[in-house]
Structure formats: structure tokens, C-alpha cells
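Undergrad: As input, take data.tsv (TSV, C-alpha atoms):
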```tsv
chain	number	residue	atom	x	y	z
A	1	ASP	CA	-8.98	-71.16	-182.93
A	2	ASP	CA	-12.16	-69.60	-184.34
A	3	SER	CA	-10.79	-66.06	-183.99
A	4	THR	CA	-7.56	-67.08	-185.76
A	5	ILE	CA	-9.53	-68.63	-188.62
A	6	THR	CA	-11.68	-65.50	-188.86
A	7	GLN	CA	-8.51	-63.38	-189.05
A	8	LEU	CA	-7.05	-65.63	-191.77
A	9	ARG	CA	-10.23	-65.47	-193.83
A	10	GLY	CA	-10.73	-61.73	-193.36
A	11	GLY	CA	-7.04	-60.98	-193.85
A	12	GLY	CA	-4.71	-62.90	-196.12
A	13	LEU	CA	-7.28	-65.09	-197.86
A	14	ALA	CA	-9.59	-62.15	-198.60
A	15	LEU	CA	-6.63	-60.18	-199.94
A	16	GLY	CA	-5.73	-62.87	-202.48
A	17	ALA	CA	-3.81	-65.66	-200.75
A	18	GLU	CA	-4.66	-68.95	-202.44
A	19	ARG	CA	-4.76	-70.99	-199.26
A	20	ALA	CA	-3.81	-70.96	-195.59
A	21	VAL	CA	-2.19	-73.44	-193.23
A	22	LEU	CA	-2.87	-73.07	-189.51
A	23	VAL	CA	-0.39	-74.82	-187.20
A	24	ASN	CA	-2.45	-74.75	-184.02
A	25	ASP	CA	-1.47	-77.92	-182.16
A	26	PRO	CA	-1.72	-77.57	-178.35
A	27	ALA	CA	1.93	-78.64	-177.97
A	28	VAL	CA	3.01	-75.78	-180.24
A	29	LEU	CA	0.81	-73.28	-178.42
A	30	ALA	CA	2.46	-74.33	-175.13
A	31	SER	CA	5.96	-74.14	-176.59
A	32	ASP	CA	8.59	-71.42	-176.80
A	33	SER	CA	10.04	-69.59	-179.81
A	34	LEU	CA	12.20	-72.53	-180.87
A	35	GLY	CA	9.29	-74.99	-180.75
A	36	VAL	CA	7.14	-72.62	-182.82
A	37	ALA	CA	9.96	-72.18	-185.36
A	38	LYS	CA	10.40	-75.96	-185.65
A	39	ALA	CA	6.67	-76.45	-186.28
A	40	LEU	CA	6.52	-73.65	-188.84
A	41	ALA	CA	9.63	-74.98	-190.61
A	42	ALA	CA	8.08	-78.45	-190.81
A	43	ALA	CA	4.88	-76.97	-192.28
A	44	LEU	CA	6.80	-74.84	-194.77
A	45	LYS	CA	8.90	-77.78	-195.97
A	46	ASN	CA	5.66	-79.28	-197.33
A	47	GLU	CA	5.04	-76.15	-199.41
A	48	ASP	CA	6.58	-75.10	-202.72
A	49	ILE	CA	7.77	-71.67	-201.59
A	50	GLN	CA	10.95	-69.63	-201.73
A	51	LEU	CA	9.99	-66.59	-199.65
A	52	VAL	CA	8.63	-66.23	-196.11
A	53	PHE	CA	7.48	-62.89	-194.71
A	54	CYS	CA	7.26	-62.62	-190.92
A	55	GLY	CA	6.08	-59.77	-188.76
A	56	LYS	CA	8.69	-57.69	-187.00
A	57	GLN	CA	7.82	-59.22	-183.64
A	58	GLY	CA	5.09	-61.26	-182.00
A	59	ALA	CA	2.34	-59.86	-179.88
A	60	ASP	CA	2.68	-62.58	-177.25
A	61	ASN	CA	6.16	-62.52	-175.72
A	62	ASP	CA	7.54	-59.73	-177.92
A	63	ASN	CA	10.94	-61.42	-178.11
A	64	VAL	CA	11.68	-61.18	-181.87
A	65	GLN	CA	13.12	-64.71	-182.01
A	66	VAL	CA	10.88	-66.87	-184.22
A	67	PRO	CA	11.95	-65.50	-187.65
A	68	ALA	CA	15.68	-66.01	-186.95
A	69	MET	CA	15.06	-69.48	-185.54
A	70	LEU	CA	12.78	-70.31	-188.48
A	71	SER	CA	15.47	-69.32	-190.99
A	72	GLU	CA	17.97	-71.51	-189.12
A	73	CYS	CA	15.55	-74.49	-189.09
A	74	LEU	CA	14.96	-74.07	-192.83
A	75	GLY	CA	18.64	-73.46	-193.59
A	76	TRP	CA	17.71	-70.21	-195.36
A	77	PRO	CA	19.22	-66.75	-194.94
A	78	GLN	CA	17.25	-64.07	-193.11
A	79	VAL	CA	17.05	-60.30	-193.45
A	80	SER	CA	15.39	-58.51	-190.55
A	81	PHE	CA	13.55	-55.18	-190.20
A	82	VAL	CA	13.04	-54.79	-193.97
A	83	THR	CA	11.48	-51.53	-195.17
A	84	GLU	CA	11.78	-52.11	-198.95
A	85	PHE	CA	11.79	-55.41	-200.84
A	86	SER	CA	11.90	-56.58	-204.45
A	87	THR	CA	12.46	-59.91	-206.19
A	88	ASP	CA	12.67	-61.20	-209.73
A	89	GLY	CA	11.75	-64.73	-208.67
A	90	THR	CA	15.36	-65.87	-208.34
A	91	THR	CA	17.16	-63.08	-206.49
A	92	PHE	CA	16.03	-60.44	-203.99
A	93	GLN	CA	16.99	-56.99	-202.81
A	94	ALA	CA	16.00	-55.85	-199.32
A	95	THR	CA	16.58	-52.51	-197.63
A	96	ARG	CA	16.71	-52.38	-193.85
A	97	GLU	CA	17.21	-49.56	-191.40
A	98	VAL	CA	20.31	-50.00	-189.25
A	99	GLY	CA	19.95	-47.00	-186.94
A	100	GLY	CA	21.11	-43.44	-186.99
A	101	GLY	CA	19.04	-42.74	-190.10
A	102	LYS	CA	21.18	-45.13	-192.14
A	103	ALA	CA	19.97	-47.94	-194.39
A	104	GLU	CA	21.61	-51.15	-195.53
A	105	VAL	CA	20.81	-52.85	-198.84
A	106	CYS	CA	21.04	-56.65	-198.84
A	107	THR	CA	20.92	-58.77	-201.98
A	108	GLY	CA	20.90	-62.51	-202.39
A	109	ASN	CA	19.31	-65.57	-203.90
A	110	LEU	CA	15.99	-67.04	-202.87
A	111	PRO	CA	14.92	-68.75	-200.64
A	112	VAL	CA	14.93	-66.20	-197.80
A	113	VAL	CA	13.07	-65.32	-194.60
A	114	ILE	CA	12.17	-61.63	-194.31
A	115	THR	CA	10.95	-59.80	-191.20
A	116	CYS	CA	8.86	-56.80	-192.14
A	117	ASP	CA	9.23	-53.38	-190.60
A	118	ARG	CA	6.98	-50.35	-190.82
A	119	GLY	CA	6.88	-48.92	-194.33
A	120	LEU	CA	7.40	-52.16	-196.24
A	121	ASN	CA	3.77	-52.36	-197.29
A	122	THR	CA	0.69	-50.20	-197.25
A	123	PRO	CA	-2.11	-52.36	-195.87
A	124	ARG	CA	-5.23	-52.47	-197.97
A	125	TYR	CA	-8.74	-53.44	-197.12
A	126	ALA	CA	-10.45	-56.49	-198.57
A	127	LYS	CA	-13.57	-55.91	-200.62
A	128	LEU	CA	-16.81	-57.61	-199.62
A	129	PRO	CA	-16.89	-60.07	-202.58
A	130	ALA	CA	-13.34	-61.18	-201.71
A	131	ILE	CA	-14.29	-61.64	-198.04
A	132	MET	CA	-17.29	-63.77	-199.05
A	133	LYS	CA	-15.11	-65.86	-201.40
A	134	ALA	CA	-12.51	-66.31	-198.63
A	135	LYS	CA	-15.17	-67.83	-196.36
A	136	ARG	CA	-15.40	-70.78	-198.75
A	137	LYS	CA	-11.65	-71.42	-198.83
A	138	LYS	CA	-10.46	-74.33	-196.73
A	139	ILE	CA	-7.80	-73.78	-194.10
A	140	ALA	CA	-5.46	-76.74	-193.60
A	141	LYS	CA	-4.86	-77.58	-189.93
A	142	PRO	CA	-2.08	-80.18	-189.80
A	143	SER	CA	-1.34	-81.95	-186.55
A	144	LEU	CA	2.23	-82.36	-185.33
A	145	ALA	CA	2.12	-85.95	-186.58
A	146	ASP	CA	1.11	-84.67	-190.04
A	147	LEU	CA	4.23	-82.49	-189.94
A	148	GLY	CA	6.46	-85.40	-188.89
A	149	LEU	CA	6.95	-84.00	-185.39
A	150	SER	CA	6.11	-85.10	-181.87
A	151	ALA	CA	5.29	-83.05	-178.78
A	152	ASP	CA	8.86	-83.71	-177.58
A	153	ASP	CA	10.23	-82.14	-180.78
A	154	VAL	CA	8.55	-78.83	-179.96
A	155	ALA	CA	8.82	-78.98	-176.17
A	156	PRO	CA	10.00	-75.68	-174.68
A	157	ALA	CA	13.78	-75.36	-174.46
A	158	VAL	CA	13.41	-72.39	-172.11
A	159	GLU	CA	11.34	-72.28	-168.96
A	160	PHE	CA	10.60	-69.05	-167.14
A	161	SER	CA	10.84	-69.43	-163.40
A	162	ALA	CA	9.59	-66.00	-162.37
A	163	TYR	CA	8.53	-62.64	-163.65
A	164	GLY	CA	9.06	-59.48	-161.67
A	165	LEU	CA	10.20	-55.92	-161.59
A	166	PRO	CA	13.79	-55.02	-160.75
A	167	PRO	CA	14.38	-53.86	-157.18
A	168	ALA	CA	13.48	-50.25	-156.51
A	169	ARG	CA	16.34	-47.81	-156.67
A	170	PRO	CA	17.18	-46.05	-153.44
A	171	ALA	CA	15.94	-42.50	-153.23
A	172	GLY	CA	18.32	-39.84	-154.43
A	173	ARG	CA	19.91	-37.39	-152.05
A	174	ILE	CA	19.53	-33.64	-152.43
A	175	LEU	CA	22.49	-31.66	-151.17
A	176	GLU	CA	21.68	-28.39	-149.48
A	177	GLY	CA	23.67	-25.35	-148.46
A	178	GLU	CA	26.15	-23.18	-150.30
A	179	VAL	CA	27.55	-24.41	-153.61
A	180	ASP	CA	31.09	-24.79	-152.19
A	181	ASP	CA	29.73	-26.92	-149.33
A	182	GLN	CA	27.65	-29.00	-151.76
A	183	VAL	CA	30.71	-29.69	-153.93
A	184	LYS	CA	32.77	-30.78	-150.90
A	185	GLU	CA	29.97	-33.05	-149.70
A	186	LEU	CA	29.48	-34.52	-153.19
A	187	VAL	CA	33.19	-35.30	-153.55
A	188	SER	CA	33.16	-36.90	-150.10
A	189	LEU	CA	30.11	-39.02	-150.98
A	190	LEU	CA	31.63	-40.12	-154.30
A	191	ARG	CA	34.91	-41.00	-152.59
A	192	ASN	CA	33.64	-42.64	-149.38
A	193	GLU	CA	30.20	-44.09	-150.19
A	194	ALA	CA	30.09	-44.67	-153.94
A	195	LYS	CA	33.87	-45.28	-154.09
A	196	VAL	CA	34.08	-43.98	-157.64
A	197	VAL	CA	36.66	-41.23	-157.07
```
Could you spell out this file's structure in C-alpha cells?

TA:
Amino acid sequence: DDSTITQLRGGGLALGAERAVLVNDPAVLASDSLGVAKALAAALKNEDIQLVFCGKQGADNDNVQVPAMLSECLGWPQVSFVTEFSTDGTTFQATREVGGGKAEVCTGNLPVVITCDRGLNTPRYAKLPAIMKAKRKKIAKPSLADLGLSADDVAPAVEFSAYGLPPARPAGRILEGEVDDQVKELVSLLRNEAKVV
């Protein structure tokens, strides 16, 4: 909790954000992506905003689910992996990479949830006076009840039963001898053991 508050004050608040809201209820922290998205959506519904920027993926489970679930909970569209973004306050234009060196340009009306990809912004460093000013800013910490939710509302919908590595692959076989003999043996193995020929 203290480290998160320190990050908020040294990050967004020191860089000019007017205020911060920290949804840090134990039930949310013990939840899954859907529970987190529900809690964030409830917090955002109390705000007068039209645009939500999310990171590309979380550092906890690395599953890239919360932004899409958040947009669904809010009933807003979402554009993921955005590398360029502009808005006039009513509409937006977002460019996203779609693979193979190609880009896609998406346009639409606000509100929207955006997931940021590398290149969207050049991070800057907060100046000392701004950091000192940020230390005086209050950070709202609503409980689930304040958000109109209960622990059951954000209870995990997914439960992991086990984590593990896939079974080890059997060792490969090196064929020896003359090339003609190796080819015959390989064809025999593919036909009789692997049953792919």
C-alpha cells in the first residue's frame, strides 16, 4: 500500500495529474482479472472522464485481460496496443500495430479504453518542486462498499488448480550410417512409429 502510494505520488501526481484514486481493497487484490475490471469500472463510473489509458499488460499475471474486461464493464469501445493517439475532446484517432510491419488506424467517438504500447509516449521525469507538491495531494482510497460492490461481486471467476511445466519431450534420435541407409530408416520410423507417412 505504501509503495503504491509512493509510486502514485512520484509518478502521475508529480507529472501533473490532479488527483488519484487507489482501489486497494483486499477482496480486489485477491481477485482475478474480471474482479479487478469490475472494481475499476465502478471507481471510474464515479469520475467525469471519457478516456482511460491502460498499460499493455500487467506485471502480475501478464495475461492482458483487464483492459478488455474493463471496456466491457463500462460499455465503452477499446483499442489495444496503441502506438499513436490523438483526440479533439469528442472523437479520437488511434494507430495500432497489427503485425508484419503493418499498422491499423482506428477512429471513433469518446469514451474509449486505450491500451498503450511502446512508442505511444516518451516518459518524462518529474521535477523536484512537482514531487514535493504531489506529496500534499490526497489519494482517495474507496472501499468496495464505497463503490457499490461487495466481496462477492469481485470474487474470482477463475481458480488455478496447479502450475507446472509441460512434460519433457523425449530425446531425439540421431540416425547413423550411410545417407541411403539413414533415409530408409527415417521412412520406416515415420511410417511405423510416428505413423505420419

Undergrad: Enter the distance from CA of Leu8 (chain A) to CA of Asp146 (chain A), in Å, rounded to one decimal.

TA: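 According to the coordinates, CA of Leu8 (chain A) and CA of Asp146 (chain A) are separated by 20.8 Å.
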
Undergrad: With distances taken over all atoms listed in the file, which residue among A:Leu175, A:Arg136, A:Gln182, A:Ala157 lies nearest Ser31 (chain A)?

TA: A:Ala157

Undergrad: Using all atoms listed in the file, which protein or nucleic acid residues come within 10 Å of Pro26 (chain A)? Drop anything in the same chain fewer than 6 positions from it, and give the result as a ChimeraX atom specification.

TA: /A:143-144,151

Undergrad: Rank A:Ala20, A:Leu15, A:Leu70, A:Ile174 by their smallest atom-to-atom distance to Ile114 (chain A), using only C-alpha atoms, and report the top residue only.

TA: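 Nearest candidate to Ile114 (chain A) out of A:Ala20, A:Leu15, A:Leu70, A:Ile174: A:Leu70.
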
Undergrad: Any idea what the distance is between CA of Thr87 (chain A) and CA of Lys102 (chain A)?

TA: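 Result for CA of Thr87 (chain A) versus CA of Lys102 (chain A): 22.2 Å, one decimal.
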
Undergrad: What separation in Å, quoted to one decimal, exists between CA of Cys54 (chain A) and CA of Pro67 (chain A)?

TA: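 Taking CA of Cys54 (chain A) as the start and CA of Pro67 (chain A) as the end point, the length is 6.4 Å.
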
Undergrad: I need the residue nearest Ala41 (chain A) from this list: A:Val82, A:Ala94, A:Ala168, A:Leu147. Use only C-alpha atoms for the distance.

TA: A:Leu147

Undergrad: Mind listing whatever residues come within 9 Å of the point (10.2, -63.9, -194.0)? Use only C-alpha atoms, file coordinates, and give them as a list of chain:residue names.

TA: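 Collected hits near the coordinates: A:Leu51, A:Val52, A:Phe53, A:Cys54, A:Gly55, A:Pro67, A:Leu70, A:Ser71, A:Gln78, A:Val79, A:Ser80, A:Val112, A:Val113, A:Ile114, A:Thr115, A:Cys116.
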
Undergrad: Hey, what's within 12 Å of Leu29 (chain A) if we count only C-alpha atoms and toss same-chain stuff fewer than 2 positions away? As a PyMOL selection string, please?

TA: chain A and resi 1+22-27+31-37+39-40+60+144+151+154-156

Undergrad: Could you turn the residues from that selection into a file that holds C-alpha atoms, as a PDB file, in the coordinates of the input?

TA:
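Saved file result.pdb follows:
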```pdb
ATOM      1  CA  ASP A   1      -8.980 -71.160-182.930  1.00  0.00           C
ATOM      2  CA  LEU A  22      -2.870 -73.070-189.510  1.00  0.00           C
ATOM      3  CA  VAL A  23      -0.390 -74.820-187.200  1.00  0.00           C
ATOM      4  CA  ASN A  24      -2.450 -74.750-184.020  1.00  0.00           C
ATOM      5  CA  ASP A  25      -1.470 -77.920-182.160  1.00  0.00           C
ATOM      6  CA  PRO A  26      -1.720 -77.570-178.350  1.00  0.00           C
ATOM      7  CA  ALA A  27       1.930 -78.640-177.970  1.00  0.00           C
ATOM      8  CA  SER A  31       5.960 -74.140-176.590  1.00  0.00           C
ATOM      9  CA  ASP A  32       8.590 -71.420-176.800  1.00  0.00           C
ATOM     10  CA  SER A  33      10.040 -69.590-179.810  1.00  0.00           C
ATOM     11  CA  LEU A  34      12.200 -72.530-180.870  1.00  0.00           C
ATOM     12  CA  GLY A  35       9.290 -74.990-180.750  1.00  0.00           C
ATOM     13  CA  VAL A  36       7.140 -72.620-182.820  1.00  0.00           C
ATOM     14  CA  ALA A  37       9.960 -72.180-185.360  1.00  0.00           C
ATOM     15  CA  ALA A  39       6.670 -76.450-186.280  1.00  0.00           C
ATOM     16  CA  LEU A  40       6.520 -73.650-188.840  1.00  0.00           C
ATOM     17  CA  ASP A  60       2.680 -62.580-177.250  1.00  0.00           C
ATOM     18  CA  LEU A 144       2.230 -82.360-185.330  1.00  0.00           C
ATOM     19  CA  ALA A 151       5.290 -83.050-178.780  1.00  0.00           C
ATOM     20  CA  VAL A 154       8.550 -78.830-179.960  1.00  0.00           C
ATOM     21  CA  ALA A 155       8.820 -78.980-176.170  1.00  0.00           C
ATOM     22  CA  PRO A 156      10.000 -75.680-174.680  1.00  0.00           C
TER      23      PRO A 156
END
```

Undergrad: With distances taken over all atoms listed in the file, which residue among A:Phe160, A:Phe81, A:Trp76, A:Phe92 lies nearest Lys56 (chain A)?

TA: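 Closest candidate: A:Phe81.
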
Undergrad: Return the single residue from A:Gly16, A:Gly172, A:Pro111, A:Gly177 that is closest to Asp48 (chain A), with distances computed using only C-alpha atoms.

TA: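 Looking only at the distances to Asp48 (chain A), the closest residue turns out to be A:Pro111.
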
Undergrad: Kindly provide, as an MDAnalysis selection string, the polymer residues lying within 10 Å of (-11.7, -68.9, -196.1), counting all atoms listed in the file and using the coordinates exactly as they appear in the file.

TA: chainID A and resid 5:14 17:20 130:139

Undergrad: Could you turn the residues from that selection into a file that holds C-alpha atoms, as a PDB file, in the coordinates of the input?

TA:
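Okay, result_18.pdb is ready:
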```pdb
ATOM      1  CA  ILE A   5      -9.530 -68.630-188.620  1.00  0.00           C
ATOM      2  CA  THR A   6     -11.680 -65.500-188.860  1.00  0.00           C
ATOM      3  CA  GLN A   7      -8.510 -63.380-189.050  1.00  0.00           C
ATOM      4  CA  LEU A   8      -7.050 -65.630-191.770  1.00  0.00           C
ATOM      5  CA  ARG A   9     -10.230 -65.470-193.830  1.00  0.00           C
ATOM      6  CA  GLY A  10     -10.730 -61.730-193.360  1.00  0.00           C
ATOM      7  CA  GLY A  11      -7.040 -60.980-193.850  1.00  0.00           C
ATOM      8  CA  GLY A  12      -4.710 -62.900-196.120  1.00  0.00           C
ATOM      9  CA  LEU A  13      -7.280 -65.090-197.860  1.00  0.00           C
ATOM     10  CA  ALA A  14      -9.590 -62.150-198.600  1.00  0.00           C
ATOM     11  CA  ALA A  17      -3.810 -65.660-200.750  1.00  0.00           C
ATOM     12  CA  GLU A  18      -4.660 -68.950-202.440  1.00  0.00           C
ATOM     13  CA  ARG A  19      -4.760 -70.990-199.260  1.00  0.00           C
ATOM     14  CA  ALA A  20      -3.810 -70.960-195.590  1.00  0.00           C
ATOM     15  CA  ALA A 130     -13.340 -61.180-201.710  1.00  0.00           C
ATOM     16  CA  ILE A 131     -14.290 -61.640-198.040  1.00  0.00           C
ATOM     17  CA  MET A 132     -17.290 -63.770-199.050  1.00  0.00           C
ATOM     18  CA  LYS A 133     -15.110 -65.860-201.400  1.00  0.00           C
ATOM     19  CA  ALA A 134     -12.510 -66.310-198.630  1.00  0.00           C
ATOM     20  CA  LYS A 135     -15.170 -67.830-196.360  1.00  0.00           C
ATOM     21  CA  ARG A 136     -15.400 -70.780-198.750  1.00  0.00           C
ATOM     22  CA  LYS A 137     -11.650 -71.420-198.830  1.00  0.00           C
ATOM     23  CA  LYS A 138     -10.460 -74.330-196.730  1.00  0.00           C
ATOM     24  CA  ILE A 139      -7.800 -73.780-194.100  1.00  0.00           C
TER      25      ILE A 139
END
```
